[in-house]
$ cat data05.pdb   # PDB, C-alpha atoms and all ligand atoms
ATOM      1  CA  MET C   1      -0.540   9.738   9.783
ATOM      2  CA  ASP C   2       2.920   8.380   8.971
ATOM      3  CA  ILE C   3       3.334   5.820   6.228
ATOM      4  CA  ARG C   4       5.111   2.925   7.942
ATOM      5  CA  LYS C   5       4.413   0.033   5.611
ATOM      6  CA  ALA C   6       4.751  -0.747   1.911
ATOM      7  CA  VAL C   7       3.457  -3.513  -0.337
ATOM      8  CA  ILE C   8       5.557  -4.747  -3.240
ATOM      9  CA  PRO C   9       3.542  -7.023  -5.551
ATOM     10  CA  ALA C  10       5.935  -9.493  -7.149
ATOM     11  CA  ALA C  11       3.869 -12.616  -7.755
ATOM     12  CA  GLY C  12       3.477 -12.281 -11.530
ATOM     13  CA  PHE C  13       4.678 -14.938 -13.989
ATOM     14  CA  GLY C  14       7.153 -12.608 -15.700
ATOM     15  CA  THR C  15       6.212 -14.085 -19.060
ATOM     16  CA  ARG C  16       8.168 -11.457 -20.955
ATOM     17  CA  PHE C  17      11.340 -12.848 -19.396
ATOM     18  CA  LEU C  18      10.707 -16.546 -20.024
ATOM     19  CA  PRO C  19      12.521 -18.878 -19.892
ATOM     20  CA  VAL C  20      14.649 -17.435 -17.051
ATOM     21  CA  THR C  21      11.536 -16.728 -14.953
ATOM     22  CA  ARG C  22      10.671 -20.451 -14.916
ATOM     23  CA  THR C  23      12.737 -20.603 -11.714
ATOM     24  CA  VAL C  24      14.136 -17.116 -11.011
ATOM     25  CA  PRO C  25      11.600 -14.509  -9.814
ATOM     26  CA  LYS C  26      11.495 -11.586 -12.266
ATOM     27  CA  VAL C  27      12.278  -9.099  -9.504
ATOM     28  CA  MET C  28      15.496 -10.986  -8.728
ATOM     29  CA  LEU C  29      16.907 -10.440 -12.202
ATOM     30  CA  PRO C  30      19.867  -8.092 -12.007
ATOM     31  CA  VAL C  31      20.138  -4.477 -12.982
ATOM     32  CA  LEU C  32      23.896  -4.770 -13.409
ATOM     33  CA  ASN C  33      24.595  -6.531 -10.087
ATOM     34  CA  GLU C  34      21.583  -5.633  -7.952
ATOM     35  CA  PRO C  35      18.225  -7.423  -8.139
ATOM     36  CA  ALA C  36      15.589  -5.091  -9.549
ATOM     37  CA  ILE C  37      13.551  -5.229  -6.331
ATOM     38  CA  GLN C  38      16.399  -3.725  -4.327
ATOM     39  CA  PHE C  39      15.694  -0.345  -5.969
ATOM     40  CA  SER C  40      12.158  -0.276  -4.543
ATOM     41  CA  VAL C  41      13.201  -1.527  -1.116
ATOM     42  CA  ARG C  42      15.959   1.086  -0.913
ATOM     43  CA  GLU C  43      13.595   3.860  -2.010
ATOM     44  CA  ALA C  44      11.115   2.799   0.684
ATOM     45  CA  ALA C  45      13.786   2.599   3.381
ATOM     46  CA  VAL C  46      15.249   6.009   2.500
ATOM     47  CA  ALA C  47      11.744   7.493   2.845
ATOM     48  CA  GLY C  48      11.439   6.017   6.357
ATOM     49  CA  ILE C  49       9.209   3.005   5.619
ATOM     50  CA  GLU C  50       9.854   0.332   8.264
ATOM     51  CA  HIS C  51       8.030  -2.765   7.083
ATOM     52  CA  ILE C  52       7.816  -4.135   3.560
ATOM     53  CA  VAL C  53       5.355  -6.846   2.561
ATOM     54  CA  PHE C  54       6.310  -8.798  -0.539
ATOM     55  CA  VAL C  55       3.445 -10.452  -2.398
ATOM     56  CA  ILE C  56       4.939 -13.548  -3.999
ATOM     57  CA  SER C  57       3.885 -16.888  -5.421
ATOM     58  CA  ARG C  58       5.075 -20.268  -4.152
ATOM     59  CA  GLY C  59       8.689 -20.925  -5.004
ATOM     60  CA  GLN C  60       9.633 -17.239  -5.131
ATOM     61  CA  GLU C  61      11.015 -17.180  -1.580
ATOM     62  CA  ALA C  62      14.405 -15.991  -2.864
ATOM     63  CA  THR C  63      12.840 -12.529  -3.068
ATOM     64  CA  ASN C  64      12.511 -12.311   0.723
ATOM     65  CA  ASP C  65      15.588 -14.439   1.538
ATOM     66  CA  TYR C  66      17.712 -11.843  -0.238
ATOM     67  CA  PHE C  67      16.925  -9.236   2.434
ATOM     68  CA  GLN C  68      17.839 -11.500   5.395
ATOM     69  CA  PRO C  69      21.286 -11.566   7.063
ATOM     70  CA  THR C  70      23.924 -13.889   5.558
ATOM     71  CA  PRO C  71      26.071 -14.834   8.596
ATOM     72  CA  SER C  72      28.565 -17.149   6.854
ATOM     73  CA  LEU C  73      29.187 -14.675   4.017
ATOM     74  CA  GLU C  74      29.615 -11.870   6.536
ATOM     75  CA  LEU C  75      32.066 -13.946   8.603
ATOM     76  CA  ALA C  76      34.121 -14.738   5.492
ATOM     77  CA  LEU C  77      34.231 -11.085   4.453
ATOM     78  CA  GLU C  78      35.253 -10.099   7.989
ATOM     79  CA  GLU C  79      38.070 -12.663   8.011
ATOM     80  CA  ARG C  80      39.289 -11.375   4.658
ATOM     81  CA  GLY C  81      39.224  -7.809   5.977
ATOM     82  CA  ASN C  82      36.805  -6.720   3.245
ATOM     83  CA  ALA C  83      35.166  -4.005   5.352
ATOM     84  CA  ASP C  84      33.414  -2.118   2.523
ATOM     85  CA  LEU C  85      31.700  -5.176   1.099
ATOM     86  CA  LEU C  86      30.819  -6.385   4.607
ATOM     87  CA  GLN C  87      29.160  -3.051   5.348
ATOM     88  CA  ALA C  88      27.270  -3.156   2.044
ATOM     89  CA  MET C  89      25.993  -6.680   2.783
ATOM     90  CA  ARG C  90      24.843  -5.725   6.289
ATOM     91  CA  GLY C  91      23.156  -2.656   4.813
ATOM     92  CA  ILE C  92      20.956  -4.851   2.596
ATOM     93  CA  SER C  93      19.538  -6.875   5.499
ATOM     94  CA  SER C  94      19.080  -3.861   7.761
ATOM     95  CA  MET C  95      17.194  -1.625   5.280
ATOM     96  CA  ALA C  96      13.743  -2.621   6.501
ATOM     97  CA  HIS C  97      11.803  -5.418   8.142
ATOM     98  CA  THR C  98      10.427  -7.615   5.367
ATOM     99  CA  SER C  99       7.740 -10.288   5.287
ATOM    100  CA  VAL C 100       5.861 -12.337   2.726
ATOM    101  CA  VAL C 101       2.269 -13.007   1.795
ATOM    102  CA  TYR C 102       1.308 -15.435  -0.949
ATOM    103  CA  GLN C 103      -0.867 -14.901  -3.978
ATOM    104  CA  ASP C 104      -1.740 -18.427  -5.046
ATOM    105  CA  GLU C 105      -3.554 -17.463  -8.230
ATOM    106  CA  GLN C 106      -2.315 -14.643 -10.442
ATOM    107  CA  LEU C 107      -5.627 -12.795 -10.641
ATOM    108  CA  GLY C 108      -4.077  -9.384 -11.270
ATOM    109  CA  LEU C 109      -2.336  -6.503  -9.540
ATOM    110  CA  GLY C 110      -5.364  -5.421  -7.487
ATOM    111  CA  HIS C 111      -5.798  -8.973  -6.194
ATOM    112  CA  ALA C 112      -2.077  -9.113  -5.347
ATOM    113  CA  VAL C 113      -2.358  -5.933  -3.237
ATOM    114  CA  LEU C 114      -5.455  -7.357  -1.516
ATOM    115  CA  MET C 115      -3.377 -10.314  -0.273
ATOM    116  CA  ALA C 116      -1.509  -7.828   1.971
ATOM    117  CA  LYS C 117      -4.685  -6.535   3.655
ATOM    118  CA  ASP C 118      -4.112  -8.225   7.033
ATOM    119  CA  ALA C 119      -0.408  -7.396   7.050
ATOM    120  CA  ILE C 120      -1.155  -3.701   6.455
ATOM    121  CA  GLY C 121      -4.172  -3.330   8.734
ATOM    122  CA  ASP C 122      -6.130  -0.120   9.039
ATOM    123  CA  GLU C 123      -3.495   2.447   8.081
ATOM    124  CA  PRO C 124      -2.347   4.246   4.935
ATOM    125  CA  PHE C 125       0.456   2.495   3.076
ATOM    126  CA  ALA C 126       2.699   2.708   0.021
ATOM    127  CA  VAL C 127       2.731   0.422  -3.018
ATOM    128  CA  PHE C 128       5.825  -0.008  -5.184
ATOM    129  CA  LEU C 129       5.710  -1.759  -8.549
ATOM    130  CA  PRO C 130       9.212  -3.149  -8.729
ATOM    131  CA  ASP C 131       9.326  -2.944 -12.538
ATOM    132  CA  ASP C 132       9.574   0.839 -12.203
ATOM    133  CA  ILE C 133      13.067   1.958 -11.273
ATOM    134  CA  ILE C 134      13.560   5.637 -10.562
ATOM    135  CA  TYR C 135      16.903   7.376 -10.158
ATOM    136  CA  ALA C 136      16.298  10.423  -7.963
ATOM    137  CA  ASP C 137      18.292  12.264  -5.316
ATOM    138  CA  SER C 138      15.107  12.642  -3.310
ATOM    139  CA  PRO C 139      12.993   9.453  -3.646
ATOM    140  CA  PRO C 140       9.598  10.167  -5.217
ATOM    141  CA  ILE C 141       7.784   8.137  -2.553
ATOM    142  CA  GLY C 142       9.062  10.553   0.104
ATOM    143  CA  GLU C 143       7.659  13.523  -1.863
ATOM    144  CA  MET C 144       4.388  11.623  -2.325
ATOM    145  CA  MET C 145       4.182  11.014   1.414
ATOM    146  CA  ARG C 146       4.416  14.786   1.927
ATOM    147  CA  VAL C 147       1.544  15.322  -0.535
ATOM    148  CA  PHE C 148      -0.457  12.675   1.334
ATOM    149  CA  ALA C 149       0.211  14.436   4.657
ATOM    150  CA  GLU C 150      -1.166  17.649   3.131
ATOM    151  CA  TYR C 151      -4.339  16.299   1.475
ATOM    152  CA  GLY C 152      -5.034  13.007   3.303
ATOM    153  CA  SER C 153      -6.125  11.032   0.231
ATOM    154  CA  SER C 154      -4.468   8.731  -2.315
ATOM    155  CA  VAL C 155      -1.380   9.957  -4.164
ATOM    156  CA  ILE C 156      -0.225   8.389  -7.423
ATOM    157  CA  ALA C 157       3.029   8.960  -9.291
ATOM    158  CA  VAL C 158       2.688  10.063 -12.904
ATOM    159  CA  LYS C 159       5.083  10.840 -15.715
ATOM    160  CA  GLN C 160       4.755  12.746 -18.969
ATOM    161  CA  VAL C 161       4.937  10.173 -21.792
ATOM    162  CA  PRO C 162       5.030  10.378 -25.601
ATOM    163  CA  ASP C 163       1.735   9.915 -27.506
ATOM    164  CA  ALA C 164       2.746   6.481 -28.790
ATOM    165  CA  ALA C 165       2.956   5.098 -25.234
ATOM    166  CA  ILE C 166      -0.526   6.269 -24.150
ATOM    167  CA  PRO C 167      -2.673   3.301 -25.355
ATOM    168  CA  SER C 168      -0.735   0.837 -23.175
ATOM    169  CA  LEU C 169      -0.779   2.883 -19.946
ATOM    170  CA  GLY C 170      -3.118   4.285 -17.289
ATOM    171  CA  VAL C 171      -3.681   8.011 -17.812
ATOM    172  CA  ILE C 172      -5.049  10.704 -15.474
ATOM    173  CA  ASP C 173      -7.307  13.688 -16.044
ATOM    174  CA  PRO C 174      -5.316  16.342 -14.141
ATOM    175  CA  GLU C 175      -6.085  19.672 -12.507
ATOM    176  CA  PRO C 176      -2.705  21.312 -11.778
ATOM    177  CA  LEU C 177      -2.195  22.530  -8.218
ATOM    178  CA  SER C 178       1.511  23.299  -8.449
ATOM    179  CA  GLU C 179       4.510  22.552 -10.658
ATOM    180  CA  ARG C 180       4.491  18.831  -9.738
ATOM    181  CA  VAL C 181       1.185  18.175  -7.949
ATOM    182  CA  TYR C 182      -2.271  17.636  -9.536
ATOM    183  CA  ARG C 183      -5.750  16.916  -8.289
ATOM    184  CA  ILE C 184      -7.023  13.894 -10.221
ATOM    185  CA  LYS C 185     -10.411  14.389 -11.886
ATOM    186  CA  GLY C 186     -10.488  10.860 -13.328
ATOM    187  CA  MET C 187      -8.348   7.954 -14.526
ATOM    188  CA  VAL C 188      -8.538   5.730 -17.592
ATOM    189  CA  GLU C 189      -6.704   2.470 -18.219
ATOM    190  CA  LYS C 190      -5.203   2.071 -21.694
ATOM    191  CA  PRO C 191      -7.195   4.790 -23.542
ATOM    192  CA  ARG C 192      -7.161   5.379 -27.279
ATOM    193  CA  LEU C 193      -4.930   8.370 -27.956
ATOM    194  CA  GLU C 194      -7.881  10.557 -28.977
ATOM    195  CA  ASP C 195      -9.714   9.711 -25.723
ATOM    196  CA  ALA C 196      -6.731  10.328 -23.417
ATOM    197  CA  PRO C 197      -7.368  13.270 -21.057
ATOM    198  CA  SER C 198      -3.617  14.078 -20.816
ATOM    199  CA  ASN C 199      -0.238  12.530 -21.439
ATOM    200  CA  LEU C 200       0.402  12.003 -17.724
ATOM    201  CA  ALA C 201       0.689   8.248 -17.263
ATOM    202  CA  ILE C 202       0.576   6.329 -13.991
ATOM    203  CA  ILE C 203       3.940   5.045 -12.734
ATOM    204  CA  GLY C 204       4.289   2.302 -10.118
ATOM    205  CA  ARG C 205       4.401   4.321  -6.916
ATOM    206  CA  TYR C 206       1.278   4.871  -4.804
ATOM    207  CA  VAL C 207       0.326   6.102  -1.345
ATOM    208  CA  LEU C 208      -3.108   4.651  -0.565
ATOM    209  CA  THR C 209      -5.650   4.663   2.226
ATOM    210  CA  PRO C 210      -6.791   1.247   3.508
ATOM    211  CA  ASP C 211     -10.221   1.899   1.929
ATOM    212  CA  VAL C 212      -8.701   0.618  -1.293
ATOM    213  CA  PHE C 213      -8.896  -2.953   0.062
ATOM    214  CA  ASP C 214     -12.713  -2.781   0.252
ATOM    215  CA  ALA C 215     -12.789  -1.255  -3.220
ATOM    216  CA  ILE C 216     -10.704  -4.144  -4.573
ATOM    217  CA  GLU C 217     -12.961  -6.696  -2.861
ATOM    218  CA  ASN C 218     -16.094  -5.019  -4.207
ATOM    219  CA  GLY C 219     -14.688  -4.502  -7.696
ATOM    220  CA  ARG C 220     -15.330  -6.658 -10.712
ATOM    221  CA  PRO C 221     -12.566  -8.010 -12.920
ATOM    222  CA  GLY C 222     -11.766  -5.313 -15.493
ATOM    223  CA  ALA C 223      -9.439  -5.301 -18.491
ATOM    224  CA  ILE C 224      -8.252  -8.813 -19.526
ATOM    225  CA  GLY C 225     -10.283 -10.396 -16.697
ATOM    226  CA  GLU C 226      -7.810  -9.277 -14.024
ATOM    227  CA  ILE C 227      -8.695  -7.465 -10.809
ATOM    228  CA  GLN C 228      -7.234  -4.034 -11.516
ATOM    229  CA  LEU C 229      -5.685  -1.732  -8.935
ATOM    230  CA  THR C 230      -6.475   1.372 -11.023
ATOM    231  CA  ASP C 231     -10.216   0.605 -10.934
ATOM    232  CA  ALA C 232     -10.157   0.300  -7.132
ATOM    233  CA  ILE C 233      -8.189   3.549  -6.728
ATOM    234  CA  GLU C 234     -10.658   5.270  -9.087
ATOM    235  CA  ALA C 235     -13.576   4.046  -6.910
ATOM    236  CA  VAL C 236     -11.908   5.461  -3.784
ATOM    237  CA  ARG C 237     -11.067   8.692  -5.652
ATOM    238  CA  ALA C 238     -14.716   9.263  -6.476
ATOM    239  CA  GLU C 239     -15.440   9.283  -2.708
ATOM    240  CA  GLN C 240     -12.331  10.856  -1.192
ATOM    241  CA  GLY C 241     -10.457  12.569  -4.025
ATOM    242  CA  ALA C 242      -6.926  11.683  -5.149
ATOM    243  CA  TYR C 243      -3.742  13.476  -6.146
ATOM    244  CA  ALA C 244      -0.870  12.894  -8.525
ATOM    245  CA  TYR C 245       2.813  13.675  -8.150
ATOM    246  CA  ARG C 246       4.751  14.110 -11.415
ATOM    247  CA  ILE C 247       8.187  12.554 -11.518
ATOM    248  CA  ILE C 248      10.819  14.139 -13.725
ATOM    249  CA  ASP C 249      13.671  11.820 -12.796
ATOM    250  CA  ASP C 250      15.343   9.148 -14.906
ATOM    251  CA  HIS C 251      12.940   6.220 -14.995
ATOM    252  CA  PHE C 252      13.236   2.692 -16.398
ATOM    253  CA  ASP C 253      10.567   0.070 -16.923
ATOM    254  CA  VAL C 254      12.504  -3.103 -16.229
ATOM    255  CA  GLY C 255       9.442  -5.276 -16.898
ATOM    256  CA  THR C 256      10.760  -5.948 -20.400
ATOM    257  CA  PRO C 257      14.147  -7.326 -21.454
ATOM    258  CA  ALA C 258      14.953  -4.125 -23.405
ATOM    259  CA  GLY C 259      14.108  -1.917 -20.407
ATOM    260  CA  MET C 260      16.180  -4.133 -18.134
ATOM    261  CA  LEU C 261      19.141  -3.918 -20.491
ATOM    262  CA  LYS C 262      18.882  -0.110 -20.686
ATOM    263  CA  ALA C 263      18.756   0.136 -16.880
ATOM    264  CA  SER C 264      21.844  -2.088 -16.604
ATOM    265  CA  VAL C 265      23.799  -0.007 -19.113
ATOM    266  CA  TYR C 266      22.716   3.175 -17.306
ATOM    267  CA  ALA C 267      23.871   1.699 -13.976
ATOM    268  CA  ALA C 268      27.228   0.734 -15.511
ATOM    269  CA  LEU C 269      27.723   4.231 -16.932
ATOM    270  CA  LEU C 270      27.241   5.642 -13.401
ATOM    271  CA  ARG C 271      30.099   3.537 -12.039
ATOM    272  CA  ASP C 272      33.600   4.984 -12.031
ATOM    273  CA  ASP C 273      35.141   1.543 -12.489
ATOM    274  CA  MET C 274      33.012   0.661 -15.534
ATOM    275  CA  ALA C 275      31.948   3.856 -17.291
ATOM    276  CA  ARG C 276      34.963   4.190 -19.557
ATOM    277  CA  GLU C 277      35.011   0.559 -20.673
ATOM    278  CA  MET C 278      31.269   0.686 -21.387
ATOM    279  CA  ARG C 279      31.444   3.953 -23.319
ATOM    280  CA  GLU C 280      34.256   2.639 -25.512
ATOM    281  CA  TRP C 281      32.468  -0.634 -26.133
ATOM    282  CA  LEU C 282      29.143   1.050 -26.911
ATOM    283  CA  ALA C 283      30.766   3.520 -29.328
ATOM    284  CA  ALA C 284      32.548   0.684 -31.150
ATOM    285  CA  ALA C 285      29.414  -1.504 -31.185
ATOM    286  CA  LEU C 286      27.397   1.314 -32.762
ATOM    287  CA  VAL C 287      29.931   1.769 -35.559
ATOM    288  CA  ASP C 288      29.878  -1.939 -36.577
TER     289      ASP C 288
HETATM  290  P1  LIG V   1       2.885  -7.371 -14.909
HETATM  291  O1  LIG V   1       1.646  -6.998 -15.594
HETATM  292  O2  LIG V   1       4.147  -6.760 -15.374
HETATM  293  O3  LIG V   1       2.997  -8.974 -14.946
HETATM  294  O4  LIG V   1       2.651  -7.088 -13.358
HETATM  295  P2  LIG V   1       4.263  -9.908 -14.744
HETATM  296  O5  LIG V   1       3.806 -11.287 -14.489
HETATM  297  O6  LIG V   1       5.188  -9.319 -13.718
HETATM  298  O7  LIG V   1       5.030  -9.831 -16.132
HETATM  299  P3  LIG V   1       4.526 -10.340 -17.589
HETATM  300  O8  LIG V   1       3.520  -9.328 -18.053
HETATM  301  O9  LIG V   1       3.946 -11.716 -17.399
HETATM  302  O10 LIG V   1       5.791 -10.336 -18.410
HETATM  303  C1  LIG V   1       2.947  -5.857 -12.720
HETATM  304  C2  LIG V   1       3.368  -6.149 -11.286
HETATM  305  O11 LIG V   1       2.299  -6.755 -10.579
HETATM  306  C3  LIG V   1       2.690  -8.023 -10.068
HETATM  307  C4  LIG V   1       3.867  -8.441 -10.909
HETATM  308  O12 LIG V   1       4.697  -9.325 -10.196
HETATM  309  C5  LIG V   1       4.537  -7.117 -11.206
HETATM  310  O13 LIG V   1       5.381  -6.698 -10.145
HETATM  311  N1  LIG V   1       1.542  -8.953 -10.193
HETATM  312  C6  LIG V   1       0.805  -8.979 -11.339
HETATM  313  C7  LIG V   1       1.217  -9.770  -9.135
HETATM  314  O14 LIG V   1       1.874  -9.750  -8.061
HETATM  315  N2  LIG V   1       0.155 -10.616  -9.273
HETATM  316  C8  LIG V   1      -0.599 -10.656 -10.389
HETATM  317  O15 LIG V   1      -1.577 -11.445 -10.425
HETATM  318  C9  LIG V   1      -0.258  -9.823 -11.463
END

$ encode --input "data05.pdb" --output "structure tokens"
Amino acid sequence: MDIRKAVIPAAGFGTRFLPVTRTVPKVMLPVLNEPAIQFSVREAAVAGIEHIVFVISRGQEATNDYFQPTPSLELALEERGNADLLQAMRGISSMAHTSVVYQDEQLGLGHAVLMAKDAIGDEPFAVFLPDDIIYADSPPIGEMMRVFAEYGSSVIAVKQVPDAAIPSLGVIDPEPLSERVYRIKGMVEKPRLEDAPSNLAIIGRYVLTPDVFDAIENGRPGAIGEIQLTDAIEAVRAEQGAYAYRIIDDHFDVGTPAGMLKASVYAALLRDDMAREMREWLAAALVD
């Protein structure tokens, strides 16, 4: 079955970015000049996903507004003959159909995904955590959709991480099936290093069956009292199996100010009109 819909949970407080997140949604903070959430929406659209459901809290409507047409801006750009920028602006609003559901209490990631249950219905779907930005020629979610088509059960993105990162991440117990694909034998959230079954950590891209909604509803609050998505996926895995797809591409966690800054510098270094200036400035800054 094709994956037509994606959920992007974006209702969190963004406490690590306070004070700016008092009024600006975290996902609207820029990686250079694009809001962080645009990376996930673009990845979904490139993979053929048609409908994206944003889970937001009240006051975060800018997240969805951003992906709607901007007629007066487009008219002004047309009158000025700025065809490239006009095309880029139209491209943003035509990437995918977007809609919003609200999470009125921040009860955790699993709870946020549950808010999209009616919008998704009874079909498999993708989840993107917008804090994870992945630079890849072929978007990982598209590869994960192929794995899903082959095995028919949940697929989770993972990445090899250094030992020091393990205790703050979700880690899988993997059985390798090919160079990049694993059958998951189990998952643990935030293990002690000595208890970790591997150094393959869960990254924010998932292809899930709708059974996960029941698992979230039936689950009990886990770590730090939040309703965890990993616990619900683990419950479904025990019944149906689950698979992991290992990403090897450049990846940034823009959920922290340092990660956001690194992603912005990386984006600037990719741009012909900025790379030289940035390289010179960085080299000089490192000498001082
Ligand atoms: P985080 O754990 O990074 O939380 O959530 P946060 O609020 O975004 O940031 P901090 O930790 O306060 O700095 C991971 C993802 O899950 C969403 C967040 O918006 C983020 O995209 N989320 C989390 C929700 O939508 N609702 C929740 O209740 C919790």

$ residues_near_ligand --input "data05.pdb" --ligand "ligand LIG 1 (chain V)" --cutoff "7 Å" --atoms "only C-alpha atoms and all ligand atoms" --output "ChimeraX atom specification"
/C:9-17,26,55-56,103,105-109,111-112,129-131,255-256

$ resolve_selection --input "data05.pdb" --expression "the PyMOL selection byres (((chain C and resi 120) around 12) and not hetatm)" --output "PyMOL selection string"
chain C and resi 3-8+50-54+99-101+113-119+121-127+208-213

$ closest_residue --input "data05.pdb" --among "C:Asn82, C:Ser93, C:Thr63, C:Thr230" --to "C:Gly204" --atoms "only C-alpha atoms"
C:Thr230

$ residues_around --input "data05.pdb" --residues "C:Arg246" --least-positions-apart "5" --cutoff "12 Å" --atoms "only C-alpha atoms" --output "ChimeraX atom specification"
/C:140-141,143-144,147,155-161,172,174,176-184,199-206,251

$ resolve_selection --input "data05.pdb" --expression "the PyMOL selection byres (((chain C and resi 186) around 9) and not hetatm)" --output "compact mmCIF listing (two decimals) with C-alpha atoms, in the coordinates of the input"
# COMPACT_ATOMS: atom_id res chain seq x y z
CA VAL C 171 -3.68 8.01 -17.81
CA ILE C 172 -5.05 10.70 -15.47
CA ASP C 173 -7.31 13.69 -16.04
CA PRO C 174 -5.32 16.34 -14.14
CA ILE C 184 -7.02 13.89 -10.22
CA LYS C 185 -10.41 14.39 -11.89
CA MET C 187 -8.35 7.95 -14.53
CA VAL C 188 -8.54 5.73 -17.59
CA PRO C 197 -7.37 13.27 -21.06
CA GLU C 234 -10.66 5.27 -9.09
CA ARG C 237 -11.07 8.69 -5.65
CA ALA C 238 -14.72 9.26 -6.48
CA ALA C 242 -6.93 11.68 -5.15

$ closest_residue --input "data05.pdb" --among "C:Ile227, C:Met260, C:Val265, C:Ile247" --to "C:Arg279" --atoms "only C-alpha atoms"
C:Val265

$ atom_distance --input "data05.pdb" --atom1 "atom CA of C:Val31" --atom2 "atom CA of C:Ile133"
9.7 Å

$ atom_distance --input "data05.pdb" --atom1 "atom CA of C:Arg146" --atom2 "atom CA of C:Gln228"
25.9 Å

$ atom_distance --input "data05.pdb" --atom1 "atom CA of C:Ser94" --atom2 "atom CA of C:Asn33"
18.9 Å
